[in-house]
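Containing JSON, C-alpha atoms and all ligand atoms: entry_22.json.
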[["chain", "number", "residue", "atom", "x", "y", "z"],
["F", 1, "LYS", "CA", -24.53, 7.55, -4.13],
["F", 2, "LEU", "CA", -22.89, 4.77, -6.13],
["F", 3, "ALA", "CA", -21.12, 3.29, -3.09],
["F", 4, "SER", "CA", -24.25, 3.20, -0.94],
["F", 5, "ARG", "CA", -26.41, 0.24, 0.04],
["F", 6, "GLU", "CA", -29.42, 2.19, -1.11],
["F", 7, "PHE", "CA", -28.03, 2.38, -4.63],
["F", 8, "LYS", "CA", -27.08, -1.31, -4.69],
["F", 9, "LYS", "CA", -28.46, -3.79, -2.15],
["F", 10, "SER", "CA", -26.27, -6.83, -2.86],
["F", 11, "ASP", "CA", -22.63, -7.06, -1.77],
["F", 12, "THR", "CA", -20.12, -6.20, -4.47],
["F", 13, "ILE", "CA", -18.09, -9.28, -5.37],
["F", 14, "PHE", "CA", -15.47, -9.25, -8.10],
["F", 15, "ASN", "CA", -12.46, -11.12, -9.36],
["F", 16, "VAL", "CA", -8.81, -10.13, -9.57],
["F", 17, "GLY", "CA", -7.35, -12.84, -11.79],
["F", 18, "PRO", "CA", -8.08, -16.08, -9.92],
["F", 19, "VAL", "CA", -8.95, -14.28, -6.67],
["F", 20, "THR", "CA", -12.48, -13.42, -5.53],
["F", 21, "VAL", "CA", -12.93, -10.32, -3.40],
["F", 22, "GLY", "CA", -16.07, -9.76, -1.33],
["F", 23, "GLY", "CA", -18.78, -12.11, -0.15],
["F", 24, "ASN", "CA", -18.34, -14.62, 2.64],
["F", 25, "ARG", "CA", -14.75, -15.58, 2.02],
["F", 26, "VAL", "CA", -11.76, -13.86, 3.55],
["F", 27, "THR", "CA", -9.21, -12.52, 1.05],
["F", 28, "VAL", "CA", -5.72, -12.18, 2.49],
["F", 29, "ILE", "CA", -3.21, -9.85, 0.85],
["F", 30, "ALA", "CA", 0.32, -10.03, 2.26],
["F", 31, "GLY", "CA", 3.87, -8.98, 1.56],
["F", 32, "PRO", "CA", 6.50, -6.49, 2.62],
["F", 33, "CYS", "CA", 5.91, -2.80, 3.14],
["F", 34, "ALA", "CA", 8.28, -2.00, 0.28],
["F", 35, "VAL", "CA", 9.81, -3.77, -2.67],
["F", 36, "GLU", "CA", 13.52, -3.65, -1.75],
["F", 37, "SER", "CA", 15.12, -5.89, -4.37],
["F", 38, "LYS", "CA", 14.13, -8.53, -6.90],
["F", 39, "GLU", "CA", 15.24, -11.32, -4.56],
["F", 40, "GLN", "CA", 13.41, -9.85, -1.55],
["F", 41, "ILE", "CA", 10.05, -9.53, -3.31],
["F", 42, "ILE", "CA", 10.28, -12.95, -4.93],
["F", 43, "GLU", "CA", 11.18, -14.57, -1.60],
["F", 44, "SER", "CA", 8.29, -12.70, 0.05],
["F", 45, "ALA", "CA", 5.87, -13.80, -2.66],
["F", 46, "TYR", "CA", 6.73, -17.49, -2.25],
["F", 47, "ALA", "CA", 6.55, -17.19, 1.56],
["F", 48, "VAL", "CA", 3.12, -15.56, 1.68],
["F", 49, "LYS", "CA", 1.77, -17.86, -1.00],
["F", 50, "LYS", "CA", 2.92, -20.92, 0.93],
["F", 51, "ALA", "CA", 1.10, -19.64, 4.01],
["F", 52, "GLY", "CA", -2.13, -19.10, 2.05],
["F", 53, "ALA", "CA", -2.19, -15.46, 0.97],
["F", 54, "VAL", "CA", -3.89, -14.95, -2.40],
["F", 55, "MET", "CA", -2.42, -11.56, -3.37],
["F", 56, "LEU", "CA", 1.00, -9.98, -2.96],
["F", 57, "ARG", "CA", 1.50, -6.45, -1.67],
["F", 58, "GLY", "CA", 4.66, -4.33, -1.86],
["F", 59, "GLY", "CA", 5.25, -0.62, -2.26],
["F", 60, "ALA", "CA", 7.32, 0.69, -5.16],
["F", 61, "PHE", "CA", 6.52, 4.33, -4.31],
["F", 62, "LYS", "CA", 6.70, 4.91, -0.58],
["F", 63, "PRO", "CA", 5.08, 8.02, 0.94],
["F", 64, "ARG", "CA", 7.50, 8.42, 3.86],
["F", 65, "THR", "CA", 7.23, 10.91, 6.70],
["F", 66, "SER", "CA", 10.86, 11.93, 6.14],
["F", 67, "PRO", "CA", 12.24, 12.74, 2.68],
["F", 68, "TYR", "CA", 15.52, 11.13, 3.82],
["F", 69, "SER", "CA", 13.87, 7.71, 4.35],
["F", 70, "PHE", "CA", 13.82, 5.03, 1.63],
["F", 71, "GLN", "CA", 11.43, 6.25, -1.08],
["F", 72, "GLY", "CA", 11.01, 2.98, -2.97],
["F", 73, "LEU", "CA", 12.44, 1.49, -6.17],
["F", 74, "GLN", "CA", 9.73, 3.14, -8.30],
["F", 75, "GLU", "CA", 9.47, 1.66, -11.84],
["F", 76, "LYS", "CA", 12.09, -1.02, -11.06],
["F", 77, "GLY", "CA", 9.97, -1.98, -8.06],
["F", 78, "CYS", "CA", 6.92, -2.37, -10.30],
["F", 79, "GLN", "CA", 8.93, -4.59, -12.66],
["F", 80, "TYR", "CA", 10.06, -6.80, -9.77],
["F", 81, "LEU", "CA", 6.46, -7.08, -8.55],
["F", 82, "LYS", "CA", 5.40, -8.23, -12.00],
["F", 83, "GLU", "CA", 8.16, -10.84, -12.02],
["F", 84, "ALA", "CA", 7.13, -12.09, -8.57],
["F", 85, "SER", "CA", 3.53, -12.25, -9.78],
["F", 86, "GLU", "CA", 4.44, -14.23, -12.88],
["F", 87, "LEU", "CA", 6.49, -16.71, -10.84],
["F", 88, "THR", "CA", 3.87, -17.31, -8.14],
["F", 89, "GLY", "CA", 0.59, -16.54, -9.88],
["F", 90, "LEU", "CA", -0.32, -14.04, -7.16],
["F", 91, "PRO", "CA", -1.93, -10.79, -8.38],
["F", 92, "VAL", "CA", -0.10, -7.73, -7.02],
["F", 93, "VAL", "CA", -1.26, -4.65, -5.13],
["F", 94, "THR", "CA", 0.91, -1.55, -5.04],
["F", 95, "GLU", "CA", 0.46, 2.07, -4.06],
["F", 96, "ILE", "CA", 0.21, 4.88, -6.58],
["F", 97, "VAL", "CA", 1.16, 8.33, -5.30],
["F", 98, "ALA", "CA", 0.95, 10.52, -8.41],
["F", 99, "PRO", "CA", -1.45, 10.64, -11.37],
["F", 100, "GLY", "CA", 1.50, 10.83, -13.78],
["F", 101, "ASP", "CA", 2.64, 7.33, -12.77],
["F", 102, "ALA", "CA", -0.63, 5.63, -13.69],
["F", 103, "ASP", "CA", 0.18, 4.84, -17.33],
["F", 104, "MET", "CA", 3.54, 3.34, -16.47],
["F", 105, "MET", "CA", 2.16, 1.32, -13.54],
["F", 106, "LYS", "CA", -0.92, -0.13, -15.19],
["F", 107, "ASP", "CA", 1.13, -2.64, -17.20],
["F", 108, "TYR", "CA", 2.76, -4.04, -14.07],
["F", 109, "VAL", "CA", 0.10, -4.11, -11.37],
["F", 110, "ASP", "CA", -3.25, -5.81, -10.84],
["F", 111, "VAL", "CA", -4.64, -3.60, -8.08],
["F", 112, "PHE", "CA", -3.83, 0.03, -7.31],
["F", 113, "GLN", "CA", -3.59, 1.09, -3.69],
["F", 114, "ILE", "CA", -4.52, 4.62, -2.69],
["F", 115, "GLY", "CA", -2.72, 5.25, 0.59],
["F", 116, "ALA", "CA", -4.05, 6.89, 3.72],
["F", 117, "ARG", "CA", -2.13, 10.09, 2.95],
["F", 118, "ASN", "CA", -3.73, 10.36, -0.48],
["F", 119, "MET", "CA", -7.29, 9.38, 0.35],
["F", 120, "GLN", "CA", -8.43, 12.91, -0.46],
["F", 121, "ASN", "CA", -6.05, 13.52, -3.34],
["F", 122, "PHE", "CA", -8.99, 14.03, -5.67],
["F", 123, "GLU", "CA", -6.99, 14.30, -8.89],
["F", 124, "LEU", "CA", -5.28, 11.00, -8.07],
["F", 125, "LEU", "CA", -8.67, 9.41, -7.31],
["F", 126, "LYS", "CA", -10.10, 10.61, -10.63],
["F", 127, "THR", "CA", -7.11, 9.32, -12.59],
["F", 128, "VAL", "CA", -7.14, 5.91, -10.89],
["F", 129, "GLY", "CA", -10.92, 5.73, -11.28],
["F", 130, "ARG", "CA", -10.53, 6.18, -15.03],
["F", 131, "ILE", "CA", -7.88, 3.43, -15.35],
["F", 132, "GLY", "CA", -10.53, 0.95, -14.26],
["F", 133, "LYS", "CA", -8.29, -1.53, -12.43],
["F", 134, "PRO", "CA", -9.45, -2.64, -8.96],
["F", 135, "VAL", "CA", -8.45, -0.31, -6.14],
["F", 136, "VAL", "CA", -7.64, -0.75, -2.46],
["F", 137, "LEU", "CA", -8.73, 2.56, -0.95],
["F", 138, "LYS", "CA", -7.21, 3.09, 2.47],
["F", 139, "ARG", "CA", -8.97, 5.20, 5.04],
["F", 140, "GLY", "CA", -7.21, 8.51, 5.65],
["F", 141, "MET", "CA", -5.60, 8.65, 9.06],
["F", 142, "SER", "CA", -7.95, 11.43, 10.13],
["F", 143, "ALA", "CA", -10.85, 10.71, 7.81],
["F", 144, "THR", "CA", -14.41, 10.09, 8.92],
["F", 145, "ILE", "CA", -16.26, 7.14, 7.45],
["F", 146, "GLU", "CA", -18.34, 9.58, 5.41],
["F", 147, "GLU", "CA", -15.23, 11.23, 3.93],
["F", 148, "TRP", "CA", -13.81, 7.80, 3.15],
["F", 149, "LEU", "CA", -16.98, 6.78, 1.33],
["F", 150, "MET", "CA", -16.92, 10.05, -0.63],
["F", 151, "ALA", "CA", -13.38, 9.21, -1.72],
["F", 152, "ALA", "CA", -14.74, 5.87, -3.00],
["F", 153, "GLU", "CA", -17.42, 7.89, -4.76],
["F", 154, "TYR", "CA", -14.69, 9.76, -6.68],
["F", 155, "LEU", "CA", -13.38, 6.44, -8.01],
["F", 156, "MET", "CA", -16.84, 5.08, -8.77],
["F", 157, "SER", "CA", -18.07, 8.23, -10.47],
["F", 158, "GLU", "CA", -15.33, 7.66, -13.07],
["F", 159, "GLY", "CA", -16.86, 4.28, -13.82],
["F", 160, "ASN", "CA", -14.78, 2.06, -11.54],
["F", 161, "ASP", "CA", -16.91, -0.38, -9.54],
["F", 162, "ASN", "CA", -14.15, -2.59, -8.17],
["F", 163, "ILE", "CA", -13.24, -0.83, -4.95],
["F", 164, "ILE", "CA", -11.98, -2.44, -1.75],
["F", 165, "LEU", "CA", -12.17, -0.22, 1.32],
["F", 166, "CYS", "CA", -9.31, -0.73, 3.79],
["F", 167, "GLU", "CA", -9.47, 0.31, 7.44],
["F", 168, "ARG", "CA", -5.88, 0.88, 8.57],
["F", 169, "GLY", "CA", -6.31, 2.67, 11.88],
["F", 170, "ILE", "CA", -6.97, 6.30, 12.66],
["F", 171, "ARG", "CA", -5.12, 8.94, 14.68],
["F", 172, "THR", "CA", -6.22, 9.23, 18.27],
["F", 173, "TYR", "CA", -4.62, 10.49, 21.48],
["F", 174, "GLU", "CA", -3.33, 6.96, 22.14],
["F", 175, "ASN", "CA", 0.33, 6.69, 21.30],
["F", 176, "PHE", "CA", 1.12, 3.17, 22.42],
["F", 177, "THR", "CA", 0.02, 1.90, 19.06],
["F", 178, "ARG", "CA", 0.92, 3.67, 15.79],
["F", 179, "ASN", "CA", -2.80, 4.23, 15.07],
["F", 180, "THR", "CA", -6.03, 3.05, 16.67],
["F", 181, "LEU", "CA", -7.80, 0.32, 14.75],
["F", 182, "ASP", "CA", -11.43, 1.32, 14.28],
["F", 183, "ILE", "CA", -12.93, -2.16, 14.16],
["F", 184, "SER", "CA", -16.43, -0.71, 14.25],
["F", 185, "ALA", "CA", -15.78, 0.72, 10.78],
["F", 186, "VAL", "CA", -16.21, -2.82, 9.43],
["F", 187, "PRO", "CA", -19.88, -3.37, 10.34],
["F", 188, "ILE", "CA", -20.64, 0.31, 9.74],
["F", 189, "ILE", "CA", -19.25, 0.18, 6.19],
["F", 190, "GLN", "CA", -21.16, -3.05, 5.59],
["F", 191, "GLN", "CA", -24.34, -1.30, 6.65],
["F", 192, "LEU", "CA", -23.73, 1.84, 4.59],
["F", 193, "SER", "CA", -22.06, 0.35, 1.52],
["F", 194, "HIS", "CA", -22.07, -2.72, -0.70],
["F", 195, "LEU", "CA", -18.29, -2.50, -1.19],
["F", 196, "PRO", "CA", -15.95, -5.08, 0.37],
["F", 197, "VAL", "CA", -14.07, -3.85, 3.46],
["F", 198, "ILE", "CA", -10.74, -5.24, 4.59],
["F", 199, "VAL", "CA", -8.47, -4.43, 7.52],
["F", 200, "ASP", "CA", -4.75, -3.66, 7.73],
["F", 201, "PRO", "CA", -3.70, -4.61, 11.26],
["F", 202, "SER", "CA", -0.04, -3.81, 10.48],
["F", 203, "HIS", "CA", -0.35, -0.04, 10.00],
["F", 204, "ALA", "CA", -3.15, 0.04, 12.57],
["F", 205, "THR", "CA", -0.91, -1.16, 15.38],
["F", 206, "GLY", "CA", 2.69, -0.65, 14.23],
["F", 207, "LEU", "CA", 3.60, -3.51, 16.56],
["F", 208, "ARG", "CA", 4.39, -6.98, 15.25],
["F", 209, "ASP", "CA", 3.02, -8.87, 18.25],
["F", 210, "LYS", "CA", -0.31, -6.98, 18.09],
["F", 211, "VAL", "CA", -0.90, -7.70, 14.41],
["F", 212, "SER", "CA", -2.35, -11.22, 14.74],
["F", 213, "PRO", "CA", -4.82, -10.44, 17.55],
["F", 214, "MET", "CA", -6.15, -7.46, 15.61],
["F", 215, "ALA", "CA", -6.29, -9.46, 12.37],
["F", 216, "LEU", "CA", -8.44, -12.08, 14.11],
["F", 217, "ALA", "CA", -10.62, -9.39, 15.66],
["F", 218, "ALA", "CA", -11.20, -7.93, 12.20],
["F", 219, "ILE", "CA", -12.29, -11.31, 10.84],
["F", 220, "ALA", "CA", -14.57, -11.83, 13.85],
["F", 221, "ALA", "CA", -16.13, -8.43, 13.09],
["F", 222, "GLY", "CA", -16.91, -9.62, 9.57],
["F", 223, "ALA", "CA", -14.12, -8.08, 7.48],
["F", 224, "ASN", "CA", -13.91, -9.35, 3.89],
["F", 225, "GLY", "CA", -10.15, -9.66, 4.10],
["F", 226, "LEU", "CA", -6.84, -8.42, 5.43],
["F", 227, "VAL", "CA", -3.66, -6.72, 4.29],
["F", 228, "VAL", "CA", -0.73, -7.90, 6.37],
["F", 229, "GLU", "CA", 2.90, -6.83, 6.17],
["F", 230, "VAL", "CA", 5.22, -9.83, 6.07],
["F", 231, "HIS", "CA", 8.97, -9.63, 5.43],
["F", 232, "PRO", "CA", 11.47, -12.47, 4.96],
["F", 233, "ASP", "CA", 13.86, -10.65, 7.32],
["F", 234, "PRO", "CA", 11.93, -7.93, 9.20],
["F", 235, "ASP", "CA", 14.97, -6.82, 11.20],
["F", 236, "LYS", "CA", 16.62, -5.70, 7.95],
["F", 237, "ALA", "CA", 13.50, -4.16, 6.37],
["F", 238, "LEU", "CA", 13.94, -0.72, 4.79],
["F", 239, "SER", "CA", 10.50, 0.35, 6.03],
["F", 240, "ASP", "CA", 8.01, -0.80, 8.66],
["F", 241, "GLY", "CA", 10.20, -3.63, 9.96],
["F", 242, "PRO", "CA", 8.85, -3.38, 13.54],
["F", 243, "GLN", "CA", 5.31, -4.15, 12.37],
["F", 244, "SER", "CA", 6.23, -6.78, 9.78],
["F", 245, "LEU", "CA", 5.53, -10.41, 10.61],
["F", 246, "TYR", "CA", 8.14, -13.12, 10.25],
["F", 247, "PRO", "CA", 6.93, -15.66, 7.67],
["F", 248, "GLU", "CA", 6.41, -18.27, 10.46],
["F", 249, "GLN", "CA", 4.18, -15.83, 12.36],
["F", 250, "PHE", "CA", 2.14, -15.27, 9.24],
["F", 251, "GLU", "CA", 1.73, -19.02, 8.72],
["F", 252, "LYS", "CA", 0.40, -19.33, 12.25],
["F", 253, "LEU", "CA", -1.97, -16.40, 11.68],
["F", 254, "MET", "CA", -3.34, -18.00, 8.49],
["F", 255, "CYS", "CA", -4.08, -21.20, 10.44],
["F", 256, "ASP", "CA", -5.90, -19.21, 13.12],
["F", 257, "ILE", "CA", -7.92, -17.30, 10.49],
["F", 258, "LYS", "CA", -9.09, -20.57, 8.94],
["F", 259, "GLU", "CA", -10.62, -21.52, 12.30],
["F", 260, "LEU", "CA", -12.81, -18.41, 12.14],
["F", 261, "ALA", "CA", -13.84, -18.06, 8.52],
["F", 262, "PRO", "CA", -13.53, -19.63, 5.08],
["F", 263, "VAL", "CA", -10.47, -18.30, 3.31],
["F", 264, "MET", "CA", -10.49, -17.49, -0.41],
["I", 301, "LIG", "C1", 1.42, 0.92, 3.19],
["I", 301, "LIG", "O1", 0.49, 0.16, 2.89],
["I", 301, "LIG", "O2", 2.62, 0.55, 3.20],
["I", 301, "LIG", "C2", 1.08, 2.29, 3.63],
["I", 301, "LIG", "C3", 1.93, 3.30, 3.48],
["I", 301, "LIG", "O3", -0.14, 2.35, 4.22],
["I", 301, "LIG", "P1", -0.99, 3.62, 4.72],
["I", 301, "LIG", "O4", -1.25, 4.46, 3.51],
["I", 301, "LIG", "O5", -2.22, 2.97, 5.29],
["I", 301, "LIG", "O6", -0.17, 4.32, 5.77],
["I", 302, "MN", "MN", 4.07, -0.01, 5.44]]
Output the file's structure as structure tokens, nothing else.
Amino acid sequence: KLASREFKKSDTIFNVGPVTVGGNRVTVIAGPCAVESKEQIIESAYAVKKAGAVMLRGGAFKPRTSPYSFQGLQEKGCQYLKEASELTGLPVVTEIVAPGDADMMKDYVDVFQIGARNMQNFELLKTVGRIGKPVVLKRGMSATIEEWLMAAEYLMSEGNDNIILCERGIRTYENFTRNTLDISAVPIIQQLSHLPVIVDPSHATGLRDKVSPMALAAIAAGANGLVVEVHPDPDKALSDGPQSLYPEQFEKLMCDIKELAPVM
């Protein structure tokens, strides 16, 4: 298998613009759950950059549990991301939810995210694999590590080698947290695969004050990076406000991360 350690012994390391992903440095991607307005995403970009993040995240297409919840700004959101990227120099990561959006999105984004809900949307995986841009592939909320690696295989079998696996918590019987962060997935992936693996402590916990401890645990376990939700005004966020860090909290987290590992 293309994603396996047997196929390729050395860690996969690649560049997204000025950013290196993989290897011994920690790559931190941060930003709001959703792009809500031009001002909001630009403010977020400057805030996360100041704290030391090297890529900006923000959803333009939001796969929400309820169809009545905010669905994202769609193409406008992608345009705002591009503007925020041009102003700050941060490459942008955003989720794609439908194969038909790929052509429109590829001119605006640097990295495609495949969300947990679409990890086994095989037509989407094939389309995004063919585009060839780097991909953050989230673990499905009920996916085994093997299924997750097979999803990466779909991308790689289309010729795309630049895949970042993202552990974002799995469904368990525990309801105190939104999901249960499977920290052991980090060393297991690193044993089974040469691909970089990062952790999303925001969706894993759903709780703002649990995000930093889990982020640090992920780094201690050897994760190649993090995706953290940060919002300039979390109390007014249109999605995932309760798990979004205040910019000051994120600054503190970045300082704590630098004590543990070299940051990109
Ligand atoms: C997100 O990153 O905002 C998101 C929807 O994540 P996940 O697919 O992991 O739930
Ligand atoms: Mn979110």
Neighbourhood of ligand MN 302 (chain I) at 9 Å, counting only C-alpha atoms and all ligand atoms, reported as an MDAnalysis selection string: chainID F and resid 32:34 58:59 62 202:203 206 229 239:241 243:244
Test item: residues at most 7 Å from segment 139-143 of chain F, all atoms listed in the file, excluding those fewer than 4 positions along its chain, as a list in words: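 Returned residues: Ala116, Arg117, Met119, Glu147, Trp148, Cys166, Glu167, Arg168, Gly169, Ile170 and Arg171 of chain F.
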Dump of C-alpha atoms for the selected residues, as a PDB file, in the frame of the given file:
ATOM      1  CA  ALA F 116      -4.050   6.890   3.720  1.00  0.00           C
ATOM      2  CA  ARG F 117      -2.130  10.090   2.950  1.00  0.00           C
ATOM      3  CA  MET F 119      -7.290   9.380   0.350  1.00  0.00           C
ATOM      4  CA  GLU F 147     -15.230  11.230   3.930  1.00  0.00           C
ATOM      5  CA  TRP F 148     -13.810   7.800   3.150  1.00  0.00           C
ATOM      6  CA  CYS F 166      -9.310  -0.730   3.790  1.00  0.00           C
ATOM      7  CA  GLU F 167      -9.470   0.310   7.440  1.00  0.00           C
ATOM      8  CA  ARG F 168      -5.880   0.880   8.570  1.00  0.00           C
ATOM      9  CA  GLY F 169      -6.310   2.670  11.880  1.00  0.00           C
ATOM     10  CA  ILE F 170      -6.970   6.300  12.660  1.00  0.00           C
ATOM     11  CA  ARG F 171      -5.120   8.940  14.680  1.00  0.00           C
TER      12      ARG F 171
END
Option closest in space to ligand LIG 301 (chain I), from F:Val21, F:Leu245, F:Val227, F:Ile257 [counting all atoms listed in the file]: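 Smallest separation from ligand LIG 301 (chain I) among the options: F:Val227.
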Residue among F:Gly77, F:Gly225, F:Gly132, F:Pro63 lying closest to ligand LIG 301 (chain I), counting only C-alpha atoms and all ligand atoms: F:Pro63
Which residue of F:Leu226, F:Ala53, F:Ile183, F:Ala3 approaches ligand LIG 301 (chain I) most closely, using all atoms listed in the file: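 Looking at the shortest contact to ligand LIG 301 (chain I), the residue is F:Leu226.
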Which of F:Ala152, F:Ile42, F:Met104, F:Ala204 sits closest to Lys126 of chain F [using only C-alpha atoms]: F:Ala152
Coordinates-based distance that separates atom CA of Asp235 of chain F from atom CA of Phe176 of chain F (Å, one decimal): 20.4 Å
Best match for closeness to ligand LIG 301 (chain I) among F:Leu155, F:Ala218, F:Leu137, F:Leu81, counting only C-alpha atoms and all ligand atoms: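 Closest to ligand LIG 301 (chain I) of all the choices is F:Leu137.
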Point-to-point distance from atom CA of Asn179 of chain F to atom CA of Ile114 of chain F, Å rounded to tenths: 17.8 Å
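Distance check against Leu87 of chain F using only C-alpha atoms: of F:Ser69, F:Ser157, F:Ser193, F:Ser44, the minimum falls on F:Ser44.
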Residues within 10 Å of (14.6, 1.8, -8.9), file coords, all atoms listed in the file, listed as an NGL selection string: :F and (35-37 or 60-61 or 71-80)
Kindly list the centre and edge lengths in Å, rounded to one decimal, for the axis-aligned box that covers all listed atoms of ligand LIG 301 (chain I) plus 8 Å on each of its six sides, as AutoDock Vina command-line options.
--center_x 0.2 --center_y 2.3 --center_z 4.3 --size_x 20.8 --size_y 20.3 --size_z 18.9
Atomic distance atom CA of Leu195 of chain F - atom CA of Leu165 of chain F, expressed in Å with one decimal: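 Taking atom CA of Leu195 of chain F as the start and atom CA of Leu165 of chain F as the end point, the length is 7.0 Å.
For Met156 of chain F, the set of protein, DNA and RNA residues having any atom at most 10 Å away, when counting only C-alpha atoms and skipping those fewer than 5 positions along the same chain, is F:Lys1, F:Leu2, F:Ala3, F:Leu125, F:Lys126, F:Val128, F:Gly129, F:Arg130, F:Gly132, F:Met150, F:Ala151, F:Asp161, F:Asn162, F:Ile163.
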Prev. selection, C-alpha atoms, output as a compact mmCIF listing (two decimals), in the coordinates of the input:
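Dumped everything to selection.txt:
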# COMPACT_ATOMS: atom_id res chain seq x y z
CA LYS F 1 -24.53 7.55 -4.13
CA LEU F 2 -22.89 4.77 -6.13
CA ALA F 3 -21.12 3.29 -3.09
CA LEU F 125 -8.67 9.41 -7.31
CA LYS F 126 -10.10 10.61 -10.63
CA VAL F 128 -7.14 5.91 -10.89
CA GLY F 129 -10.92 5.73 -11.28
CA ARG F 130 -10.53 6.18 -15.03
CA GLY F 132 -10.53 0.95 -14.26
CA MET F 150 -16.92 10.05 -0.63
CA ALA F 151 -13.38 9.21 -1.72
CA ASP F 161 -16.91 -0.38 -9.54
CA ASN F 162 -14.15 -2.59 -8.17
CA ILE F 163 -13.24 -0.83 -4.95
Within 12 Å of Val263 of chain F using only C-alpha atoms, minus same-chain residues under 2 positions, as a list in words: Val19, Thr20, Val21, Gly22, Gly23, Asn24, Arg25, Val26, Thr27, Val28, Ile29, Ala51, Gly52, Ala53, Val54, Ile219, Ala223, Asn224, Gly225, Leu226, Met254, Cys255, Asp256, Ile257, Lys258, Glu259, Leu260 and Ala261 of chain F
